[in-house]
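Trainee: Input entry13.cif, format and content: mmCIF, C-alpha atoms.
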data_work
loop_
_atom_site.group_PDB
_atom_site.id
_atom_site.type_symbol
_atom_site.label_atom_id
_atom_site.label_comp_id
_atom_site.auth_asym_id
_atom_site.auth_seq_id
_atom_site.Cartn_x
_atom_site.Cartn_y
_atom_site.Cartn_z
ATOM 1 C CA MET Q 1 170.231 281.020 128.153
ATOM 2 C CA HIS Q 2 166.589 280.311 127.359
ATOM 3 C CA VAL Q 3 164.919 279.361 124.078
ATOM 4 C CA VAL Q 4 161.273 280.469 123.919
ATOM 5 C CA PHE Q 5 158.449 280.231 121.431
ATOM 6 C CA ASP Q 6 157.062 283.714 120.765
ATOM 7 C CA ASP Q 7 153.293 283.647 120.166
ATOM 8 C CA SER Q 8 152.779 287.329 120.941
ATOM 9 C CA LEU Q 9 150.441 289.545 118.977
ATOM 10 C CA TYR Q 10 151.963 292.491 117.052
ATOM 11 C CA THR Q 11 150.690 295.314 114.821
ATOM 12 C CA GLU Q 12 151.851 295.801 111.231
ATOM 13 C CA ASP Q 13 154.494 298.175 112.593
ATOM 14 C CA SER Q 14 155.807 295.435 114.944
ATOM 15 C CA GLN Q 15 154.302 297.106 117.972
ATOM 16 C CA LEU Q 16 153.540 294.635 120.762
ATOM 17 C CA ILE Q 17 149.835 294.230 121.521
ATOM 18 C CA ARG Q 18 149.856 291.106 123.698
ATOM 19 C CA LYS Q 19 152.928 289.321 124.978
ATOM 20 C CA GLN Q 20 152.730 285.541 125.069
ATOM 21 C CA GLU Q 21 155.884 283.424 125.263
ATOM 22 C CA TYR Q 22 156.435 279.704 126.015
ATOM 23 C CA LEU Q 23 159.682 278.409 127.446
ATOM 24 C CA MET Q 24 161.025 275.504 125.382
ATOM 25 C CA LEU Q 25 164.649 275.038 126.456
ATOM 26 C CA SER Q 26 167.023 276.292 129.163
ATOM 27 C CA MET Q 27 170.810 276.010 129.147
ATOM 28 C CA PHE Q 28 173.018 276.645 132.166
ATOM 29 C CA TYR Q 29 176.817 276.615 132.141
ATOM 30 C CA ASN Q 30 178.311 275.323 135.398
ATOM 31 C CA THR Q 31 181.597 277.192 135.744
ATOM 32 C CA ILE Q 32 182.750 275.061 138.693
ATOM 33 C CA ASP Q 33 182.505 271.680 136.943
ATOM 34 C CA ASN Q 34 182.901 273.101 133.435
ATOM 35 C CA CYS Q 35 179.788 271.409 132.064
ATOM 36 C CA LEU Q 36 176.617 272.499 130.264
ATOM 37 C CA ILE Q 37 173.245 271.587 131.771
ATOM 38 C CA VAL Q 38 170.302 271.395 129.366
ATOM 39 C CA THR Q 39 166.685 271.102 130.452
ATOM 40 C CA PRO Q 40 164.421 269.477 129.425
ATOM 41 C CA ASP Q 41 166.439 266.392 128.588
ATOM 42 C CA VAL Q 42 167.136 265.009 125.115
ATOM 43 C CA ASN Q 43 164.086 263.279 123.614
ATOM 44 C CA ASP Q 44 162.837 261.728 120.372
ATOM 45 C CA LEU Q 45 160.495 263.920 118.319
ATOM 46 C CA VAL Q 46 158.632 260.928 116.858
ATOM 47 C CA PHE Q 47 158.225 258.657 119.911
ATOM 48 C CA ASN Q 48 158.471 261.094 122.816
ATOM 49 C CA PRO Q 49 157.751 264.683 121.710
ATOM 50 C CA TYR Q 50 157.450 267.686 124.011
ATOM 51 C CA ASP Q 51 154.218 269.711 123.757
ATOM 52 C CA VAL Q 52 153.736 273.445 124.076
ATOM 53 C CA ALA Q 53 150.190 273.952 125.384
ATOM 54 C CA MET Q 54 148.722 277.058 123.790
ATOM 55 C CA GLU Q 55 146.515 279.298 125.905
ATOM 56 C CA ASN Q 56 144.313 280.349 122.983
ATOM 57 C CA ALA Q 57 143.098 276.752 122.420
ATOM 58 C CA ALA Q 58 145.272 276.443 119.308
ATOM 59 C CA PRO Q 59 146.763 273.014 118.487
ATOM 60 C CA ALA Q 60 149.758 272.215 120.663
ATOM 61 C CA ILE Q 61 153.189 272.602 119.105
ATOM 62 C CA GLN Q 62 155.448 269.588 119.366
ATOM 63 C CA TYR Q 63 159.226 269.770 119.434
ATOM 64 C CA GLY Q 64 162.259 267.656 120.250
ATOM 65 C CA VAL Q 65 165.683 268.260 121.791
ATOM 66 C CA GLN Q 66 168.819 266.747 120.323
ATOM 67 C CA ILE Q 67 172.468 267.443 121.118
ATOM 68 C CA ASN Q 68 175.006 266.846 118.372
ATOM 69 C CA PHE Q 69 178.615 266.440 119.489
ATOM 70 C CA GLY Q 70 181.427 267.396 117.153
ATOM 71 C CA GLU Q 71 182.944 264.412 115.383
ATOM 72 C CA PHE Q 72 186.386 263.250 116.476
ATOM 73 C CA GLU Q 73 188.949 262.524 113.814
ATOM 74 C CA LYS Q 74 190.284 259.550 115.771
ATOM 75 C CA ASP Q 75 188.957 257.327 118.534
ATOM 76 C CA GLU Q 76 192.054 258.163 120.567
ATOM 77 C CA GLU Q 77 190.794 261.723 121.024
ATOM 78 C CA LEU Q 78 187.592 260.455 122.676
ATOM 79 C CA VAL Q 79 189.524 258.069 124.893
ATOM 80 C CA GLU Q 80 191.839 260.893 125.957
ATOM 81 C CA LEU Q 81 188.851 263.102 126.786
ATOM 82 C CA LEU Q 82 187.233 260.387 128.908
ATOM 83 C CA ASN Q 83 190.509 259.739 130.739
ATOM 84 C CA LYS Q 84 190.831 263.437 131.573
ATOM 85 C CA LEU Q 85 187.262 263.522 132.865
ATOM 86 C CA HIS Q 86 187.870 260.431 134.988
ATOM 87 C CA LYS Q 87 191.058 261.870 136.509
ATOM 88 C CA ARG Q 88 189.214 265.078 137.300
ATOM 89 C CA TRP Q 89 186.410 263.106 138.945
ATOM 90 C CA GLN Q 90 188.928 261.124 141.044
ATOM 91 C CA LYS Q 91 190.522 264.337 142.267
ATOM 92 C CA LYS Q 92 187.154 265.811 143.257
ATOM 93 C CA HIS Q 93 185.987 262.503 144.776
ATOM 94 C CA LYS Q 94 188.993 262.426 147.131
ATOM 95 C CA GLN Q 95 188.011 265.854 148.440
ATOM 96 C CA LEU Q 96 184.400 264.797 149.054
ATOM 97 C CA VAL Q 97 185.006 261.407 150.668
ATOM 98 C CA ARG Q 98 187.273 260.962 153.658
ATOM 99 C CA PHE Q 99 187.389 257.310 154.630
ATOM 100 C CA ALA Q 100 190.016 255.776 156.912
ATOM 101 C CA GLN Q 101 190.850 252.141 156.258
ATOM 102 C CA ALA Q 102 191.075 249.768 159.201
ATOM 103 C CA PRO Q 103 194.636 248.630 160.066
ATOM 104 C CA LEU Q 104 195.684 245.268 158.666
ATOM 105 C CA GLY Q 105 194.567 242.402 160.886
ATOM 106 C CA ILE Q 106 192.065 244.594 162.736
ATOM 107 C CA LYS Q 107 188.283 244.571 162.439
ATOM 108 C CA LYS Q 108 186.530 247.823 163.287
ATOM 109 C CA HIS Q 109 182.984 248.004 164.607
ATOM 110 C CA TYR Q 110 181.033 251.267 164.596
ATOM 111 C CA LEU Q 111 178.100 251.371 167.006
ATOM 112 C CA MET Q 112 175.388 254.032 166.966
ATOM 113 C CA PHE Q 113 173.082 253.549 169.956
ATOM 114 C CA GLU Q 114 169.991 255.668 170.720
ATOM 115 C CA ILE Q 115 167.977 255.855 173.932
ATOM 116 C CA MET Q 116 164.644 256.801 172.401
ATOM 117 C CA SER Q 117 161.965 256.946 175.120
ATOM 118 C CA ALA Q 118 160.704 255.546 178.428
ATOM 119 C CA SER Q 119 157.213 254.642 179.619
ATOM 120 C CA GLY Q 120 155.283 253.088 182.504
ATOM 121 C CA PHE Q 121 157.141 254.659 185.464
ATOM 122 C CA ASP Q 122 155.466 256.096 188.559
ATOM 123 C CA MET Q 123 157.340 259.382 189.003
ATOM 124 C CA ASP Q 124 158.034 262.281 186.628
ATOM 125 C CA ASN Q 125 161.145 264.248 185.596
ATOM 126 C CA ILE Q 126 163.125 261.177 184.605
ATOM 127 C CA TYR Q 127 166.669 260.796 183.281
ATOM 128 C CA ILE Q 128 168.681 257.676 182.410
ATOM 129 C CA GLU Q 129 172.255 256.885 183.365
ATOM 130 C CA TYR Q 130 174.241 254.276 181.446
ATOM 131 C CA ASP Q 131 177.464 252.392 182.014
ATOM 132 C CA ILE Q 132 179.116 250.254 179.324
ATOM 133 C CA LYS Q 133 181.667 247.543 180.060
ATOM 134 C CA VAL Q 134 183.913 246.512 177.148
ATOM 135 C CA PRO Q 135 185.656 243.088 177.103
ATOM 136 C CA GLU Q 136 189.426 243.121 177.548
ATOM 137 C CA ASN Q 137 190.140 241.986 173.978
ATOM 138 C CA ILE Q 138 188.262 244.967 172.509
ATOM 139 C CA ARG Q 139 189.805 248.423 172.265
ATOM 140 C CA CYS Q 140 187.562 251.459 172.720
ATOM 141 C CA GLU Q 141 188.604 255.055 173.414
ATOM 142 C CA ASN Q 142 185.107 256.551 173.636
ATOM 143 C CA THR Q 143 183.344 257.623 176.819
ATOM 144 C CA LEU Q 144 181.592 254.622 178.346
ATOM 145 C CA HIS Q 145 179.557 256.359 181.042
ATOM 146 C CA GLY Q 146 176.990 259.132 180.784
ATOM 147 C CA ARG Q 147 173.401 260.230 181.229
ATOM 148 C CA THR Q 148 170.517 261.705 179.288
ATOM 149 C CA HIS Q 149 168.771 264.989 179.957
ATOM 150 C CA VAL Q 150 165.836 265.171 182.380
ATOM 151 C CA SER Q 151 162.594 264.601 180.506
ATOM 152 C CA LYS Q 152 159.094 265.621 181.573
ATOM 153 C CA GLY Q 153 156.379 263.078 180.791
ATOM 154 C CA ARG Q 154 153.558 263.561 178.321
ATOM 155 C CA SER Q 155 150.432 261.523 177.810
ATOM 156 C CA VAL Q 156 150.466 259.236 174.748
ATOM 157 C CA ASP Q 157 147.406 257.021 174.272
ATOM 158 C CA GLY Q 158 146.604 257.295 177.970
ATOM 159 C CA CYS Q 159 150.116 256.338 179.089
ATOM 160 C CA GLN Q 160 152.931 258.548 180.345
ATOM 161 C CA GLU Q 161 155.958 258.669 178.048
ATOM 162 C CA TRP Q 162 159.327 260.397 178.340
ATOM 163 C CA SER Q 163 161.281 261.244 175.161
ATOM 164 C CA TYR Q 164 165.088 261.443 174.890
ATOM 165 C CA GLY Q 165 166.728 260.811 171.514
ATOM 166 C CA HIS Q 166 170.096 260.440 173.257
ATOM 167 C CA PHE Q 167 172.900 259.047 171.044
ATOM 168 C CA ILE Q 168 175.918 256.987 172.088
ATOM 169 C CA GLU Q 169 178.654 256.504 169.471
ATOM 170 C CA LEU Q 170 181.387 253.888 169.910
ATOM 171 C CA GLU Q 171 184.322 252.902 167.698
ATOM 172 C CA LEU Q 172 185.599 249.457 168.631
ATOM 173 C CA GLU Q 173 188.692 247.574 167.444
ATOM 174 C CA VAL Q 174 189.330 243.853 167.767
ATOM 175 C CA ALA Q 175 191.801 241.434 166.198
ATOM 176 C CA GLU Q 176 190.369 239.702 163.109
ATOM 177 C CA GLU Q 177 191.008 236.198 164.398
ATOM 178 C CA ILE Q 178 189.123 236.854 167.669
ATOM 179 C CA GLU Q 179 185.364 236.423 168.027
ATOM 180 C CA PRO Q 180 184.446 239.415 170.231
ATOM 181 C CA SER Q 181 182.366 238.905 173.350
ATOM 182 C CA PRO Q 182 179.177 240.980 173.745
ATOM 183 C CA LEU Q 183 179.337 244.436 175.295
ATOM 184 C CA GLN Q 184 177.637 244.755 178.680
ATOM 185 C CA MET Q 185 175.333 247.764 178.866
ATOM 186 C CA TYR Q 186 173.765 248.744 182.202
ATOM 187 C CA PHE Q 187 171.052 251.374 182.560
ATOM 188 C CA GLU Q 188 169.427 253.044 185.540
ATOM 189 C CA THR Q 189 166.266 255.132 185.289
ATOM 190 C CA ILE Q 190 166.194 257.910 187.894
ATOM 191 C CA SER Q 191 163.505 260.442 188.791
ATOM 192 C CA THR Q 192 163.997 263.777 190.546
ATOM 193 C CA ASP Q 193 161.657 266.190 192.306
ATOM 194 C CA TRP Q 194 161.658 269.813 193.407
ATOM 195 C CA TRP Q 195 163.186 268.848 196.761
ATOM 196 C CA GLY Q 196 166.227 267.505 194.994
ATOM 197 C CA ARG Q 197 165.503 263.870 195.821
ATOM 198 C CA HIS Q 198 166.698 261.318 193.244
ATOM 199 C CA ARG Q 199 164.833 258.022 193.182
ATOM 200 C CA THR Q 200 165.810 254.854 191.346
ATOM 201 C CA GLU Q 201 162.878 253.915 189.132
ATOM 202 C CA GLY Q 202 164.393 250.849 187.517
ATOM 203 C CA TYR Q 203 167.460 248.967 186.296
ATOM 204 C CA TYR Q 204 167.944 247.010 183.094
ATOM 205 C CA TYR Q 205 170.794 245.133 181.483
ATOM 206 C CA LEU Q 206 171.487 244.650 177.762
ATOM 207 C CA PRO Q 207 174.132 242.252 176.402
ATOM 208 C CA MET Q 208 175.167 243.580 172.973
ATOM 209 C CA PRO Q 209 176.739 241.166 170.432
ATOM 210 C CA LEU Q 210 178.747 242.998 167.781
ATOM 211 C CA SER Q 211 176.586 241.726 164.931
ATOM 212 C CA PRO Q 212 176.173 244.156 162.004
ATOM 213 C CA GLY Q 213 172.629 245.354 161.367
ATOM 214 C CA ASN Q 214 169.810 247.547 162.676
ATOM 215 C CA PHE Q 215 167.969 246.602 165.861
ATOM 216 C CA THR Q 216 165.153 247.943 168.056
ATOM 217 C CA LYS Q 217 164.189 246.670 171.505
ATOM 218 C CA HIS Q 218 161.998 247.438 174.523
ATOM 219 C CA LEU Q 219 163.935 246.891 177.752
ATOM 220 C CA SER Q 220 161.775 245.967 180.742
ATOM 221 C CA SER Q 221 163.156 247.330 184.005
ATOM 222 C CA SER Q 222 162.803 246.335 187.630
ATOM 223 C CA ARG Q 223 163.550 248.037 190.935
ATOM 224 C CA PRO Q 224 164.977 246.345 194.037
ATOM 225 C CA GLU Q 225 162.981 246.872 197.232
ATOM 226 C CA GLU Q 226 163.501 245.910 200.855
ATOM 227 C CA ARG Q 227 161.392 243.019 202.035
ATOM 228 C CA ASN Q 228 159.804 245.202 204.715
ATOM 229 C CA LYS Q 229 157.240 246.957 202.530
ATOM 230 C CA VAL Q 230 156.304 249.665 205.058
ATOM 231 C CA GLU Q 231 159.922 250.584 205.715
ATOM 232 C CA ALA Q 232 160.738 250.547 201.992
ATOM 233 C CA ASP Q 233 157.813 252.863 201.084
ATOM 234 C CA SER Q 234 158.637 255.272 203.925
ATOM 235 C CA ARG Q 235 162.312 255.461 202.996
ATOM 236 C CA ARG Q 236 161.446 256.004 199.330
ATOM 237 C CA PHE Q 237 158.938 258.774 200.111
ATOM 238 C CA PHE Q 238 161.058 260.758 202.557
ATOM 239 C CA VAL Q 239 164.644 260.375 201.305
ATOM 240 C CA GLY Q 240 164.202 258.797 197.881
ATOM 241 C CA GLY Q 241 165.039 255.263 198.937
ATOM 242 C CA CYS Q 242 168.503 253.726 199.146
ATOM 243 C CA HIS Q 243 170.879 252.174 196.649
ATOM 244 C CA LEU Q 244 170.468 248.477 197.208
ATOM 245 C CA ILE Q 245 172.625 247.641 194.173
ATOM 246 C CA ARG Q 246 176.217 248.797 194.529
ATOM 247 C CA ASP Q 247 177.728 246.696 191.734
ATOM 248 C CA LEU Q 248 175.814 246.721 188.442
ATOM 249 C CA GLU Q 249 177.242 243.325 187.496
ATOM 250 C CA VAL Q 250 174.551 241.876 189.742
ATOM 251 C CA LEU Q 251 172.110 242.580 186.893
ATOM 252 C CA SER Q 252 174.003 240.263 184.532
ATOM 253 C CA LYS Q 253 174.804 237.656 187.204
ATOM 254 C CA PRO Q 254 171.632 236.778 189.127
ATOM 255 C CA GLN Q 255 173.590 234.415 191.391
ATOM 256 C CA LEU Q 256 175.195 237.461 193.042
ATOM 257 C CA GLN Q 257 171.854 239.030 194.040
ATOM 258 C CA ASN Q 258 171.247 239.743 197.692
ATOM 259 C CA ALA Q 259 168.451 237.692 199.224
ATOM 260 C CA ASP Q 260 167.487 240.546 201.574
ATOM 261 C CA PHE Q 261 165.491 242.411 198.929
ATOM 262 C CA THR Q 262 163.118 241.625 196.066
ATOM 263 C CA TYR Q 263 162.629 243.009 192.568
ATOM 264 C CA THR Q 264 159.509 244.915 191.496
ATOM 265 C CA ALA Q 265 158.678 245.339 187.806
ATOM 266 C CA THR Q 266 158.384 248.999 186.797
ATOM 267 C CA GLY Q 267 158.453 250.583 183.325
ATOM 268 C CA SER Q 268 160.333 250.062 180.075
ATOM 269 C CA VAL Q 269 162.801 251.904 177.868
ATOM 270 C CA ARG Q 270 162.827 251.803 174.070
ATOM 271 C CA VAL Q 271 166.245 251.716 172.412
ATOM 272 C CA ARG Q 272 167.621 251.096 168.945
ATOM 273 C CA TRP Q 273 171.098 250.675 167.528
ATOM 274 C CA SER Q 274 173.056 250.091 164.342
ATOM 275 C CA ILE Q 275 176.390 248.295 163.958
ATOM 276 C CA VAL Q 276 178.722 248.443 160.952
ATOM 277 C CA ALA Q 277 181.915 246.342 160.713
ATOM 278 C CA HIS Q 278 184.763 246.535 158.208
ATOM 279 C CA THR Q 279 188.256 245.160 157.667
ATOM 280 C CA ASN Q 280 191.169 245.967 155.395
ATOM 281 C CA THR Q 281 191.650 242.946 153.139
ATOM 282 C CA PRO Q 282 194.903 243.082 151.099
ATOM 283 C CA GLY Q 283 194.392 242.935 147.332
ATOM 284 C CA PHE Q 284 190.670 243.624 147.538
ATOM 285 C CA GLU Q 285 189.315 246.445 145.397
ATOM 286 C CA PRO Q 286 185.833 247.684 146.304
ATOM 287 C CA ALA Q 287 183.182 247.579 143.630
ATOM 288 C CA SER Q 288 182.634 250.814 141.796
ATOM 289 C CA THR Q 289 179.709 252.888 142.962
ATOM 290 C CA VAL Q 290 177.760 255.681 141.366
ATOM 291 C CA PRO Q 291 179.044 258.981 142.798
ATOM 292 C CA SER Q 292 176.825 261.762 144.003
ATOM 293 C CA GLY Q 293 176.763 265.506 143.742
ATOM 294 C CA SER Q 294 178.822 267.469 141.250
ATOM 295 C CA SER Q 295 181.094 264.502 140.456
ATOM 296 C CA THR Q 296 178.090 262.669 138.986
ATOM 297 C CA ALA Q 297 177.718 265.296 136.280
ATOM 298 C CA LEU Q 298 181.243 264.634 135.045
ATOM 299 C CA LEU Q 299 180.801 260.864 134.692
ATOM 300 C CA LEU Q 300 177.296 261.110 133.297
ATOM 301 C CA GLY Q 301 178.556 263.673 130.787
ATOM 302 C CA ALA Q 302 181.331 261.309 129.723
ATOM 303 C CA GLU Q 303 178.869 258.448 129.337
ATOM 304 C CA ALA Q 304 176.570 260.655 127.256
ATOM 305 C CA VAL Q 305 179.455 261.593 124.950
ATOM 306 C CA LEU Q 306 180.426 257.952 124.475
ATOM 307 C CA LYS Q 307 176.829 256.886 123.829
ATOM 308 C CA GLN Q 308 176.175 259.639 121.289
ATOM 309 C CA TYR Q 309 179.473 258.948 119.565
ATOM 310 C CA SER Q 310 178.753 255.205 119.315
ATOM 311 C CA GLN Q 311 175.272 255.842 117.907
ATOM 312 C CA ALA Q 312 176.636 258.285 115.340
ATOM 313 C CA ARG Q 313 179.287 255.803 114.189
ATOM 314 C CA ALA Q 314 176.650 253.057 113.872
ATOM 315 C CA ARG Q 315 174.372 255.284 111.772
ATOM 316 C CA LEU Q 316 177.300 256.357 109.593
ATOM 317 C CA ALA Q 317 178.379 252.756 109.054
ATOM 318 C CA ALA Q 318 174.841 251.728 108.087
ATOM 319 C CA ALA Q 319 174.455 254.627 105.658
ATOM 320 C CA THR Q 320 177.843 253.935 104.040
ATOM 321 C CA LYS Q 321 176.973 250.268 103.611
ATOM 322 C CA ASP Q 322 173.778 251.165 101.761
ATOM 323 C CA LEU Q 323 175.669 253.554 99.446
ATOM 324 C CA GLU Q 324 178.262 250.900 98.621
ATOM 325 C CA GLY Q 325 175.470 248.463 97.748
ATOM 326 C CA ASP Q 326 173.872 250.985 95.348
ATOM 327 C CA GLU Q 327 177.183 251.538 93.541
ATOM 328 C CA ASP Q 328 177.565 247.812 92.927
#
As structure tokens, what does this structure read like?
Mentor:
Amino acid sequence: MHVVFDDSLYTEDSQLIRKQEYLMLSMFYNTIDNCLIVTPDVNDLVFNPYDVAMENAAPAIQYGVQINFGEFEKDEELVELLNKLHKRWQKKHKQLVRFAQAPLGIKKHYLMFEIMSASGFDMDNIYIEYDIKVPENIRCENTLHGRTHVSKGRSVDGCQEWSYGHFIELELEVAEEIEPSPLQMYFETISTDWWGRHRTEGYYYLPMPLSPGNFTKHLSSSRPEERNKVEADSRRFFVGGCHLIRDLEVLSKPQLQNADFTYTATGSVRVRWSIVAHTNTPGFEPASTVPSGSSTALLLGAEAVLKQYSQARARLAAATKDLEGDED
């Protein structure tokens, strides 16, 4: 329903000459949540009036919006109404939010890891393989090995860059009394060409402590090469080189590196990740939060009723007090 101000021009016989209407108020009944939405909001005519700007340069018309709730005979009726609204909100809130508590004595860590982009490599058509090693005292049922898509480079500020946006999601469980060791994340950047040759462009290793927060990092990579430079370049050109690293743990344990080859710095990979941790503490009740969506309308409506009712009672008490003083 709409309430409009009619400033149209009519003849003496009520025939319309020029139609000119101004919308002042709209009311919408939400049948799903059983509530009435009024726009614009309630205001004070003296301190915060609404203006209707007239097109014919006439003075603006000012108006206010006020909602008067029916008076309750007893306070218990208002309390009962608010309780019903709260129960209805709880029922709807359970349907909107599905949250699984962590088992008692277990701390859960949720990791969202993103391989964002790569830069500074020699070849094109690059993809990234990853392998994640989880400590024995941490339980994880997610896939710990995978690869990104093949990305074609593009020039950004004079430098080649490869974009990925590849996400890795892990759900980790560890006993509360145990301080978890960092995850070990190994990455290999690989290029491919139209002959089907796959070349290792670089390796990098990232130890990941399970510390809650948001993090971003550039990982510098390096590539192992044979000490004979001519033989290494020839092998890399014709057959794509050879895998000099067979166990990725060499990256995290430099003492295991083979002395027959050297490392050459190549490009870098940009990554970011977020970690959230939670436990199930007995007897702890989470602080109340402001709900969202349709459930908000129910609680805000209840608060508006209570506020209007309290203001009305205060005004009535003040007016009655003045009358009693006059009678004396």
Trainee: Can you give me, as an MDAnalysis selection string, the residues this file yields under the PyMOL selection byres ((chain Q and resi 7-19) around 12)?
Mentor: chainID Q and resid 4:6 20:23 52:56 58 60:61
Trainee: Once the PyMOL selection byres ((chain Q and resi 160-167) around 7) has been applied to the shown file, what residues remain in the selection, as a list of chain:residue names?
Mentor: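 This file, filtered by the PyMOL selection byres ((chain Q and resi 160-167) around 7), leaves Q:Met112, Q:Phe113, Q:Glu114, Q:Ile115, Q:Met116, Q:Ser117, Q:Ala118, Q:Ser119, Q:Gly120, Q:Thr148, Q:Ser151, Q:Lys152, Q:Gly153, Q:Arg154, Q:Ser155, Q:Val156, Q:Gly158, Q:Cys159, Q:Ile168, Q:Glu169.
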Trainee: Just the number, please: distance in Å from CA of Ala102 in chain Q to CA of Gln184 in chain Q, one decimal.
Mentor: 24.2 Å
Trainee: Would you mind listing what lies within 9 Å of Tyr130 in chain Q as a ChimeraX atom specification, with only C-alpha atoms counted and same-chain residues fewer than 3 positions away left out?
Mentor: /Q:144-148,185-189
Trainee: Once the PyMOL selection byres ((chain Q and resi 214) around 7) has been evaluated on this model, what residues remain selected, and can you format them as a PyMOL selection string?
Mentor: chain Q and resi 213+215+273-275
Trainee: Could you jot down the CA of Tyr127 in chain Q to CA of Glu171 in chain Q separation for me, Å, one decimal place?
Mentor: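 Between CA of Tyr127 in chain Q and CA of Glu171 in chain Q the gap is 24.8 Å.
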Trainee: Give the answer as one residue: which of Q:Glu176, Q:Glu225, Q:Asp124, Q:Glu141 has the shortest atom-to-atom distance to Arg197 in chain Q, using only C-alpha atoms?
Mentor: Q:Asp124
Trainee: Ranking Q:Tyr29, Q:Tyr50, Q:Tyr205, Q:Trp194 by minimum distance to Gln66 in chain Q and counting all atoms listed in the file, which one comes first?
Mentor: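 Result for the nearest residue to Gln66 in chain Q: Q:Tyr50.
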Trainee: Would you mind reading off the distance between CA of Ala314 in chain Q and CA of Thr39 in chain Q, one decimal, in Å?
Mentor: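 Going from CA of Ala314 in chain Q over to CA of Thr39 in chain Q covers 26.5 Å.
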Trainee: Is it possible to get the residues within 8 Å of (180.7, 247.2, 162.8) (coordinates as in the file, counting only C-alpha atoms) written as JSON, numbers by chain?
Mentor: {"Q": [108, 109, 110, 111, 172, 210, 211, 212, 275, 276, 277, 278]}
Trainee: Would you please work out which residue, of Q:Ala175, Q:Thr262, Q:Val134, Q:Val65, is nearest to Pro209 in chain Q when using all atoms listed in the file?
Mentor: Q:Val134
Trainee: Closest to Leu248 in chain Q among Q:Ile178, Q:Val269, Q:His218, Q:Asp131, using only C-alpha atoms?
Mentor: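 Checking each of Q:Ile178, Q:Val269, Q:His218, Q:Asp131 against Leu248 in chain Q, counting only C-alpha atoms, the winner is Q:Asp131.
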Trainee: Counting all atoms listed in the file, which residues come within 6 Å of (177.6, 240.7, 174.1), with the point read in the file's coordinates, and could you list them as JSON, numbers by chain?
Mentor: {"Q": [181, 182, 183, 207, 208, 209]}
Trainee: Using only C-alpha atoms, can you tell me which of Q:Gly105, Q:Glu201, Q:Ile190, Q:Met123 comes closest to Glu177 in chain Q?
Mentor: Q:Gly105
Trainee: Could you tell me which of Q:Glu76, Q:Leu206, Q:Tyr263, Q:Arg199 comes closest to Lys133 in chain Q if we count all atoms listed in the file?
Mentor: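 Counting all atoms listed in the file, the residue closest to Lys133 in chain Q is Q:Leu206.
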